[in-house]
file query15.csv (CSV, C-alpha atoms)
chain,number,residue,atom,x,y,z
A,618,MET,CA,-79.6,-32.9,45.6
A,619,ARG,CA,-81.7,-32.5,48.8
A,620,SER,CA,-83.9,-35.4,47.8
A,621,ARG,CA,-81.4,-37.9,48.9
A,622,GLY,CA,-82.6,-40.1,51.7
A,623,VAL,CA,-86.1,-38.6,51.5
A,624,GLY,CA,-87.4,-41.7,49.8
A,625,ILE,CA,-87.0,-43.5,53.1
A,626,VAL,CA,-89.5,-41.2,54.6
A,627,LEU,CA,-91.9,-41.0,51.7
A,628,ALA,CA,-92.1,-44.8,51.6
A,629,LEU,CA,-93.8,-44.7,55.0
A,630,SER,CA,-96.8,-43.0,53.5
A,631,GLY,CA,-97.5,-40.8,56.5
A,632,LEU,CA,-96.0,-37.4,55.4
A,633,VAL,CA,-98.3,-34.7,56.7
A,634,LEU,CA,-98.0,-31.1,55.8
A,635,LEU,CA,-98.2,-28.4,58.4
A,636,GLY,CA,-97.9,-24.7,58.0
A,637,ALA,CA,-95.0,-23.0,59.8
A,638,ASP,CA,-97.5,-22.1,62.6
A,639,GLY,CA,-98.7,-25.7,62.7
A,640,THR,CA,-102.2,-24.9,61.7
A,641,LYS,CA,-102.2,-24.7,58.0
A,642,VAL,CA,-103.5,-28.1,57.1
A,643,PRO,CA,-105.5,-27.3,54.0
A,644,VAL,CA,-109.0,-28.6,54.8
A,645,ALA,CA,-111.7,-27.8,52.3
A,646,THR,CA,-115.2,-28.8,53.1
A,647,ASN,CA,-117.1,-27.1,50.3
A,648,ALA,CA,-118.9,-30.1,48.7
A,649,SER,CA,-119.5,-28.3,45.4
A,650,GLU,CA,-115.8,-27.7,44.8
A,651,HIS,CA,-114.6,-29.9,41.9
A,652,LEU,CA,-112.0,-32.5,42.8
A,653,GLU,CA,-109.9,-34.3,40.3
A,654,VAL,CA,-110.4,-38.1,40.7
A,655,PRO,CA,-109.5,-41.2,38.6
A,656,PRO,CA,-112.3,-43.1,36.9
A,657,PRO,CA,-114.5,-45.0,39.4
A,658,PRO,CA,-113.5,-48.7,39.4
A,659,PHE,CA,-116.5,-50.2,37.7
A,660,SER,CA,-116.6,-53.9,36.8
A,661,GLU,CA,-116.0,-54.3,33.1
A,662,GLY,CA,-119.0,-53.6,30.9
A,663,ILE,CA,-121.3,-52.7,33.8
A,664,PHE,CA,-121.6,-48.9,33.3
A,665,PRO,CA,-123.8,-47.1,32.3
A,666,CYS,CA,-126.2,-49.1,34.4
A,667,SER,CA,-129.1,-47.7,32.3
A,668,ASN,CA,-128.0,-49.9,29.4
A,669,CYS,CA,-129.8,-52.8,31.1
A,670,HIS,CA,-132.1,-51.0,33.6
A,671,ALA,CA,-133.6,-48.6,31.1
A,672,GLY,CA,-136.5,-50.8,30.2
A,673,MET,CA,-137.0,-52.4,33.7
A,674,ALA,CA,-139.5,-51.3,36.3
A,675,PRO,CA,-137.7,-50.7,39.6
A,676,ASP,CA,-138.5,-53.3,42.3
A,677,ARG,CA,-138.0,-51.4,45.5
A,678,HIS,CA,-138.5,-54.4,47.8
A,679,ARG,CA,-135.5,-55.4,49.8
A,680,ARG,CA,-134.6,-58.9,48.7
A,681,GLU,CA,-131.8,-61.3,47.8
A,682,LEU,CA,-130.7,-60.8,44.2
A,683,THR,CA,-130.8,-64.0,42.2
A,684,ALA,CA,-131.1,-63.0,38.5
A,685,MET,CA,-128.1,-60.5,38.4
A,686,HIS,CA,-125.4,-59.0,40.5
A,687,THR,CA,-125.1,-62.2,42.5
A,688,ASP,CA,-121.4,-61.6,42.8
A,689,ILE,CA,-122.0,-58.7,45.1
A,690,VAL,CA,-122.0,-59.7,48.8
A,691,LEU,CA,-123.0,-56.8,50.9
A,692,LYS,CA,-120.9,-56.6,54.1
A,693,HIS,CA,-121.4,-52.9,54.9
A,694,ASP,CA,-124.0,-52.5,57.6
A,695,GLU,CA,-126.0,-55.0,55.7
A,696,THR,CA,-128.7,-55.4,58.4
A,697,HIS,CA,-129.7,-51.8,57.8
A,698,ARG,CA,-128.7,-51.1,54.2
A,699,TRP,CA,-129.2,-52.4,50.7
A,700,CYS,CA,-128.8,-51.4,47.1
A,701,LEU,CA,-131.2,-48.5,46.8
A,702,ASP,CA,-129.9,-46.7,49.9
A,703,CYS,CA,-127.0,-45.6,47.7
A,704,HIS,CA,-128.0,-46.4,44.1
A,705,ASP,CA,-130.9,-44.4,42.7
A,706,ALA,CA,-133.8,-46.4,41.4
A,707,ASP,CA,-135.1,-43.6,39.0
A,708,ASN,CA,-131.7,-42.7,37.5
A,709,ARG,CA,-129.6,-45.8,37.5
A,710,ASP,CA,-126.4,-44.0,36.4
A,711,VAL,CA,-126.0,-42.0,39.5
A,712,LEU,CA,-126.1,-42.4,43.3
A,713,HIS,CA,-128.2,-40.4,45.8
A,714,LEU,CA,-127.5,-38.9,49.2
A,715,ALA,CA,-129.8,-39.3,52.2
A,716,SER,CA,-131.3,-35.9,51.2
A,717,GLY,CA,-132.3,-37.3,47.8
A,718,GLU,CA,-129.7,-35.2,46.0
A,719,LEU,CA,-128.2,-37.1,43.0
A,720,VAL,CA,-124.5,-37.4,42.8
A,721,PRO,CA,-122.4,-38.9,40.0
A,722,PHE,CA,-120.2,-41.9,40.6
A,723,ASP,CA,-117.1,-39.7,40.5
A,724,GLU,CA,-118.4,-37.7,43.5
A,725,SER,CA,-119.2,-40.9,45.5
A,726,TYR,CA,-117.0,-39.5,48.3
A,727,ARG,CA,-119.9,-37.2,49.2
A,728,LEU,CA,-122.1,-40.3,49.7
A,729,CYS,CA,-119.5,-42.0,51.9
A,730,GLY,CA,-118.9,-38.8,53.8
A,731,GLN,CA,-122.5,-38.8,55.1
A,732,CYS,CA,-121.7,-41.5,57.6
A,733,HIS,CA,-117.9,-41.4,57.6
A,734,GLY,CA,-117.5,-37.7,58.4
A,735,GLU,CA,-114.2,-38.0,60.2
A,736,LYS,CA,-112.6,-40.1,57.5
A,737,TYR,CA,-114.0,-37.7,54.8
A,738,ARG,CA,-112.4,-34.8,56.6
A,739,ASP,CA,-109.1,-36.6,56.9
A,740,TRP,CA,-109.3,-37.6,53.2
A,741,ARG,CA,-109.8,-34.0,52.1
A,742,ALA,CA,-106.9,-32.9,54.4
A,743,GLY,CA,-104.6,-35.5,53.0
A,744,VAL,CA,-104.3,-37.6,56.1
A,745,HIS,CA,-106.4,-40.6,54.8
A,746,GLY,CA,-106.1,-42.2,51.4
A,747,ARG,CA,-103.8,-41.2,48.5
A,748,ARG,CA,-103.3,-38.2,46.2
A,749,THR,CA,-101.0,-37.8,43.2
A,750,GLY,CA,-99.7,-34.5,41.9
A,751,ASN,CA,-98.5,-31.6,43.9
A,752,TRP,CA,-99.2,-31.2,47.6
A,753,ASN,CA,-99.6,-27.4,47.2
A,754,GLY,CA,-100.8,-27.5,43.6
A,755,ALA,CA,-102.9,-29.5,41.2
A,756,LYS,CA,-103.6,-33.0,42.5
A,757,THR,CA,-105.8,-36.0,41.9
A,758,TYR,CA,-107.6,-37.7,44.8
A,759,LEU,CA,-108.1,-41.5,44.8
A,760,LEU,CA,-111.8,-42.1,45.5
A,761,CYS,CA,-112.8,-44.0,48.6
A,762,VAL,CA,-113.9,-46.9,46.3
A,763,ASN,CA,-110.5,-47.0,44.6
A,764,CYS,CA,-109.2,-48.7,47.7
A,765,HIS,CA,-112.3,-49.9,49.6
A,766,SER,CA,-115.0,-52.0,47.9
A,767,PRO,CA,-118.2,-50.1,48.6
A,768,HIS,CA,-120.0,-53.4,49.2
A,769,GLN,CA,-117.3,-54.8,51.5
A,770,PRO,CA,-115.2,-51.9,52.7
A,771,ARG,CA,-113.1,-53.7,55.3
A,772,PHE,CA,-109.6,-54.7,54.0
A,773,HIS,CA,-109.0,-58.4,54.0
A,774,ALA,CA,-106.1,-59.9,56.0
A,775,LEU,CA,-103.0,-60.5,53.9
A,776,ALA,CA,-99.8,-62.4,53.9
A,777,PRO,CA,-96.9,-60.3,55.4
A,778,LYS,CA,-93.7,-59.9,53.4
A,779,PRO,CA,-90.8,-62.0,54.7
A,780,ALA,CA,-89.5,-61.3,58.2
A,781,PRO,CA,-86.0,-59.8,58.4
A,782,ARG,CA,-83.1,-62.2,58.8
A,783,PRO,CA,-81.8,-62.4,62.4
A,784,PRO,CA,-78.4,-60.7,62.9
A,785,ASN,CA,-76.4,-64.0,62.9
A,786,ARG,CA,-77.8,-64.8,59.5
A,787,ILE,CA,-77.7,-61.5,57.8
A,788,MET,CA,-75.3,-63.0,55.3
A,789,LYS,CA,-76.9,-65.9,53.4
B,494,MET,CA,-61.1,-57.6,59.5
B,495,VAL,CA,-60.7,-54.0,60.7
B,496,SER,CA,-61.0,-53.7,64.5
B,497,ARG,CA,-63.6,-51.4,65.8
B,498,ARG,CA,-61.0,-49.2,67.5
B,499,LEU,CA,-58.9,-48.9,64.4
B,500,PHE,CA,-62.0,-48.1,62.3
B,501,THR,CA,-63.1,-45.5,64.9
B,502,GLN,CA,-59.7,-43.8,64.7
B,503,SER,CA,-59.5,-43.8,60.9
B,504,ALA,CA,-63.1,-42.5,60.6
B,505,ALA,CA,-62.4,-39.7,63.1
B,506,GLY,CA,-59.2,-38.9,61.2
B,507,ALA,CA,-61.1,-38.9,57.9
B,508,ALA,CA,-63.8,-36.6,59.4
B,509,ALA,CA,-61.2,-34.3,60.8
B,510,GLY,CA,-59.4,-34.3,57.5
B,511,MET,CA,-62.5,-33.4,55.7
B,512,ILE,CA,-63.3,-30.5,57.9
B,513,LEU,CA,-59.8,-29.2,57.9
B,514,THR,CA,-59.3,-29.4,54.2
B,515,ALA,CA,-62.8,-28.5,53.2
B,516,CYS,CA,-62.7,-25.3,51.4
B,517,GLY,CA,-66.0,-23.7,50.5
B,518,PRO,CA,-69.6,-24.2,51.7
B,519,LYS,CA,-70.9,-27.6,52.6
B,520,ARG,CA,-74.4,-27.1,51.3
B,521,LEU,CA,-75.5,-25.9,47.9
B,522,TYR,CA,-77.7,-23.1,49.2
B,523,GLU,CA,-74.9,-21.7,51.4
B,524,ALA,CA,-72.8,-21.1,48.2
B,525,PRO,CA,-72.4,-17.6,46.7
B,526,LYS,CA,-74.7,-17.1,43.7
B,527,ASP,CA,-72.0,-17.2,41.0
B,528,GLN,CA,-70.5,-20.3,42.5
B,529,LEU,CA,-73.9,-21.9,42.6
B,530,GLN,CA,-74.6,-21.0,39.0
B,531,ALA,CA,-71.3,-22.5,37.9
B,532,ARG,CA,-72.0,-25.7,39.7
B,533,ILE,CA,-75.5,-26.0,38.3
B,534,ALA,CA,-74.2,-25.4,34.7
B,535,GLU,CA,-71.6,-28.1,35.3
B,536,MET,CA,-74.2,-30.5,36.5
B,537,GLU,CA,-76.5,-29.8,33.6
B,538,ARG,CA,-73.5,-30.3,31.2
B,539,LYS,CA,-72.7,-33.7,32.9
B,540,TYR,CA,-76.3,-34.9,32.9
B,541,LYS,CA,-76.7,-33.9,29.2
B,542,GLU,CA,-73.6,-35.9,28.4
B,543,GLN,CA,-74.9,-38.9,30.3
B,544,LEU,CA,-78.5,-38.8,29.1
B,545,GLY,CA,-78.2,-37.3,25.7
B,546,LYS,CA,-80.9,-34.6,26.3
B,547,ASP,CA,-81.2,-31.2,27.8
B,548,ILE,CA,-81.6,-31.3,31.6
B,549,GLU,CA,-82.6,-28.4,33.8
B,550,VAL,CA,-81.3,-28.5,37.3
B,551,SER,CA,-83.1,-26.3,39.8
B,552,ALA,CA,-81.5,-24.7,42.8
B,553,ALA,CA,-84.8,-23.8,44.4
B,554,GLY,CA,-84.5,-24.4,48.1
B,555,PRO,CA,-87.1,-25.1,50.8
B,556,ILE,CA,-90.3,-23.1,50.4
B,557,PRO,CA,-90.4,-20.3,53.0
B,558,GLY,CA,-93.0,-20.8,55.6
B,559,VAL,CA,-93.4,-24.5,55.0
B,560,HIS,CA,-92.3,-27.1,57.6
B,561,PHE,CA,-92.6,-30.8,56.9
B,562,ALA,CA,-93.4,-33.1,59.7
B,563,TYR,CA,-93.9,-36.9,59.9
B,564,ALA,CA,-96.9,-38.7,61.3
B,565,LEU,CA,-97.7,-42.4,61.6
B,566,ASP,CA,-101.1,-43.7,62.5
B,567,ILE,CA,-100.4,-46.9,64.4
B,568,SER,CA,-104.0,-47.8,64.6
B,569,ARG,CA,-104.0,-48.4,60.8
B,570,CYS,CA,-100.8,-50.5,60.6
B,571,ILE,CA,-101.6,-54.2,59.9
B,572,GLY,CA,-97.9,-55.3,59.9
B,573,CYS,CA,-97.8,-56.3,56.2
B,574,ARG,CA,-94.2,-55.1,55.9
B,575,ARG,CA,-94.9,-53.6,52.4
B,576,CYS,CA,-93.2,-50.4,53.6
B,577,VAL,CA,-90.0,-52.3,54.5
B,578,TYR,CA,-89.5,-53.6,51.0
B,579,ALA,CA,-90.7,-50.4,49.3
B,580,CYS,CA,-88.0,-48.6,51.2
B,581,VAL,CA,-85.3,-51.1,50.1
B,582,ALA,CA,-86.4,-50.7,46.5
B,583,GLU,CA,-86.8,-46.9,46.5
B,584,ASN,CA,-83.5,-46.3,48.2
B,585,ASN,CA,-81.8,-49.3,46.5
B,586,GLN,CA,-80.5,-50.7,49.7
B,587,SER,CA,-78.4,-53.9,50.0
B,588,ARG,CA,-80.3,-57.2,49.6
B,589,ASP,CA,-77.4,-59.3,50.7
B,590,PRO,CA,-76.2,-58.5,53.3
B,591,GLN,CA,-79.7,-57.6,54.1
B,592,ILE,CA,-80.4,-54.0,55.1
B,593,HIS,CA,-83.9,-53.0,56.2
B,594,TRP,CA,-84.1,-49.4,57.4
B,595,ILE,CA,-87.7,-49.9,58.5
B,596,ARG,CA,-88.4,-52.6,61.1
B,597,VAL,CA,-91.9,-53.6,62.0
B,598,PHE,CA,-92.6,-54.8,65.6
B,599,GLU,CA,-95.5,-56.9,66.5
B,600,MET,CA,-96.8,-56.2,70.0
B,601,GLU,CA,-99.5,-57.7,72.2
B,602,LYS,CA,-102.5,-55.5,72.9
B,603,GLU,CA,-102.6,-57.0,76.4
B,604,LYS,CA,-99.1,-55.6,77.1
B,605,GLY,CA,-99.4,-52.3,75.2
B,606,VAL,CA,-96.3,-50.6,73.9
B,607,ASP,CA,-93.6,-52.8,75.4
B,608,PHE,CA,-90.4,-53.3,73.4
B,609,SER,CA,-89.2,-56.0,75.7
B,610,HIS,CA,-92.1,-58.2,74.3
B,611,ALA,CA,-91.9,-56.9,70.8
B,612,ASP,CA,-91.2,-59.3,68.0
B,613,PRO,CA,-89.8,-58.2,64.6
B,614,TYR,CA,-89.6,-61.8,63.3
B,615,TYR,CA,-93.4,-62.5,63.3
B,616,ASN,CA,-94.3,-64.7,60.4
B,617,PRO,CA,-98.0,-65.8,60.4
B,618,ALA,CA,-99.9,-66.8,57.3
B,619,GLU,CA,-101.9,-63.6,57.5
B,620,VAL,CA,-101.7,-60.3,59.3
B,621,PRO,CA,-103.0,-58.6,61.4
B,622,GLU,CA,-102.9,-61.3,64.0
B,623,GLU,CA,-105.7,-61.5,66.6
B,624,GLY,CA,-104.8,-59.6,69.8
B,625,HIS,CA,-101.7,-57.9,68.3
B,626,PHE,CA,-100.8,-54.5,67.0
B,627,TYR,CA,-97.8,-53.3,65.0
B,628,ILE,CA,-95.3,-50.5,65.1
B,629,PRO,CA,-93.1,-49.7,62.1
B,630,VAL,CA,-89.9,-48.1,63.3
B,631,GLY,CA,-87.9,-46.0,60.8
B,632,CYS,CA,-86.6,-42.5,60.6
B,633,GLN,CA,-88.8,-40.4,62.7
B,634,GLN,CA,-87.8,-37.1,60.9
B,635,CYS,CA,-87.0,-35.6,64.3
B,636,GLU,CA,-87.2,-31.8,64.7
B,637,ASN,CA,-83.9,-32.0,66.6
B,638,PRO,CA,-82.3,-35.1,65.2
B,639,PRO,CA,-79.5,-36.6,67.3
B,640,CYS,CA,-78.1,-38.7,64.4
B,641,THR,CA,-77.1,-35.6,62.5
B,642,LYS,CA,-74.9,-34.5,65.5
B,643,VAL,CA,-73.0,-37.8,65.9
B,644,CYS,CA,-72.5,-38.5,62.2
B,645,PRO,CA,-68.7,-38.5,61.7
B,646,THR,CA,-68.8,-37.6,58.0
B,647,GLY,CA,-71.6,-35.0,58.0
B,648,ALA,CA,-73.6,-37.2,55.7
B,649,THR,CA,-76.9,-36.4,57.4
B,650,TRP,CA,-78.6,-33.1,58.3
B,651,ALA,CA,-81.9,-31.5,58.7
B,652,GLU,CA,-83.1,-29.2,55.9
B,653,ARG,CA,-84.6,-25.8,56.7
B,654,ASP,CA,-88.0,-27.1,55.9
B,655,GLY,CA,-87.7,-29.9,58.4
B,656,ILE,CA,-86.8,-32.9,56.2
B,657,VAL,CA,-83.9,-34.9,57.5
B,658,VAL,CA,-81.8,-36.2,54.6
B,659,ILE,CA,-78.8,-38.5,54.1
B,660,ASP,CA,-76.2,-38.1,51.4
B,661,TYR,CA,-75.5,-41.6,50.2
B,662,ASP,CA,-72.1,-40.6,48.9
B,663,TRP,CA,-70.9,-39.4,52.2
B,664,CYS,CA,-72.5,-42.1,54.4
B,665,ILE,CA,-70.1,-44.8,55.5
B,666,GLY,CA,-72.8,-46.9,57.3
B,667,TRP,CA,-71.6,-45.9,60.8
B,668,PRO,CA,-74.1,-47.4,63.1

call {"tool": "encode", "arguments": {"input": "query15.csv", "output": "structure tokens"}}
result
Amino acid sequence: MRSRGVGIVLALSGLVLLGADGTKVPVATNASEHLEVPPPPFSEGIFPCSNCHAGMAPDRHRRELTAMHTDIVLKHDETHRWCLDCHDADNRDVLHLASGELVPFDESYRLCGQCHGEKYRDWRAGVHGRRTGNWNGAKTYLLCVNCHSPHQPRFHALAPKPAPRPPNRIMK
Amino acid sequence: MVSRRLFTQSAAGAAAGMILTACGPKRLYEAPKDQLQARIAEMERKYKEQLGKDIEVSAAGPIPGVHFAYALDISRCIGCRRCVYACVAENNQSRDPQIHWIRVFEMEKEKGVDFSHADPYYNPAEVPEEGHFYIPVGCQQCENPPCTKVCPTGATWAERDGIVVIDYDWCIGWP
């Protein structure tokens, strides 16, 4: 019964959990800990990348792609970054960190977290992004790339839902 | 049309009547164990009748040591009003007459938080608009909520874990 009216609050997406002493926000930073995540949002038929890349010699020169992947427009620090800063040229089916450590696509948050440390911390704490499941039990984290395109992470402007009717026209 | 005064008097009368005639605890968790068990059994029986399958009703209350709080990051709001309509759908609020429990205000960055220049009726092709920011105003889940003190029917209260709730069946829409 006590859930009545709670929906109003949950709809606002900002519910944050605090311990009774106000300090118990569960922040885990151990990168090796396994997190439940949904499948990464690959374009259809694109993964595993080695299906096509297996027989191709990597071309490590920064260039404009013309033969394939022309739909990808990089707007993500594009003056300093390009494909092979995140994608691994030797193992096409994984990503790599700045350290060279290989990470699978379902751990791409570790890659994002290298630059976006504050957002990564907030995401782990449940302040940024979305989780499903139990707040104090098993849960699934949406990956950064489930909401942000890794190639163009900034959200596009969108049309607002209709404005409320002014008081004198509340009735149709 | 009921005059405001008449309505006030009847509402106050109804509230007083409720308090005077109320016999027994107002909240489930205040009820003695045997009473609670009986009410839960009754609910389970009713739901089974309605839905045609076994339903388990839990009387588990707020988790000890847990306090919920509400936070809103204004810097991330783009004024899309998705939350306004999600709230209407989730809580099945009236569409006509229109009831929006969340109202999003558009403000000018130049003026800062200034409700005298806030516009809830903004309607551009796309948001966010250049030079503007947005504040969605809804229930703030106050730690010490004034609305629960003035409610004439006792329809709203704060749970022990901090969540402020409204009982639809008791709420008469008193503004």

call {"tool": "residues_around", "arguments": {"input": "query15.csv", "residues": "range 770-785 of chain A", "least_positions_apart": "2", "cutoff": "12 Å", "atoms": "all atoms listed in the file", "output": "PyMOL selection string"}}
result
(chain A and resi 690-695+729+733+761-768+787-789) or (chain B and resi 569-579+588-599+612-623+627)

call {"tool": "residues_around", "arguments": {"input": "query15.csv", "residues": "Leu682 in chain A", "least_positions_apart": "5", "cutoff": "12 Å", "atoms": "only C-alpha atoms", "output": "CSV table (one decimal) with C-alpha atoms, keeping the file's coordinate frame"}}
result
chain,number,residue,atom,x,y,z
A,676,ASP,CA,-138.5,-53.3,42.3
A,677,ARG,CA,-138.0,-51.4,45.5
A,687,THR,CA,-125.1,-62.2,42.5
A,688,ASP,CA,-121.4,-61.6,42.8
A,689,ILE,CA,-122.0,-58.7,45.1
A,690,VAL,CA,-122.0,-59.7,48.8
A,691,LEU,CA,-123.0,-56.8,50.9
A,699,TRP,CA,-129.2,-52.4,50.7
A,700,CYS,CA,-128.8,-51.4,47.1

call {"tool": "atom_distance", "arguments": {"input": "query15.csv", "atom1": "CA of Asp705 in chain A", "atom2": "CA of Gly746 in chain A"}}
result
26.4 Å

call {"tool": "residues_around", "arguments": {"input": "query15.csv", "residues": "Pro656 in chain A", "least_positions_apart": "2", "cutoff": "12 Å", "atoms": "all atoms listed in the file", "output": "number ranges by chain"}}
result
A: 653-654, 658-660, 664, 721-725, 757-763

call {"tool": "residues_near_point", "arguments": {"input": "query15.csv", "point": "(-77.8, -26.4, 42.3)", "cutoff": "12 Å", "atoms": "all atoms listed in the file", "output": "ChimeraX atom specification"}}
result
/A:618-619 /B:520-537,549-554

call {"tool": "atom_distance", "arguments": {"input": "query15.csv", "atom1": "CA of Cys669 in chain A", "atom2": "CA of Arg709 in chain A"}}
result
9.5 Å

call {"tool": "atom_distance", "arguments": {"input": "query15.csv", "atom1": "CA of Ala715 in chain A", "atom2": "CA of Thr683 in chain A"}}
result
26.7 Å

call {"tool": "closest_residue", "arguments": {"input": "query15.csv", "among": "A:Gly662, A:Pro655, A:Gly743, A:Gly672", "to": "chain B", "atoms": "all atoms listed in the file"}}
result
A:Gly743

call {"tool": "closest_residue", "arguments": {"input": "query15.csv", "among": "B:Ile659, B:Thr641, B:Thr646, B:Gln633", "to": "Ala562 in chain B", "atoms": "only C-alpha atoms"}}
result
B:Gln633

call {"tool": "closest_residue", "arguments": {"input": "query15.csv", "among": "A:Thr696, A:Asn753, A:Gln769, A:Asn708", "to": "chain B", "atoms": "only C-alpha atoms"}}
result
A:Asn753
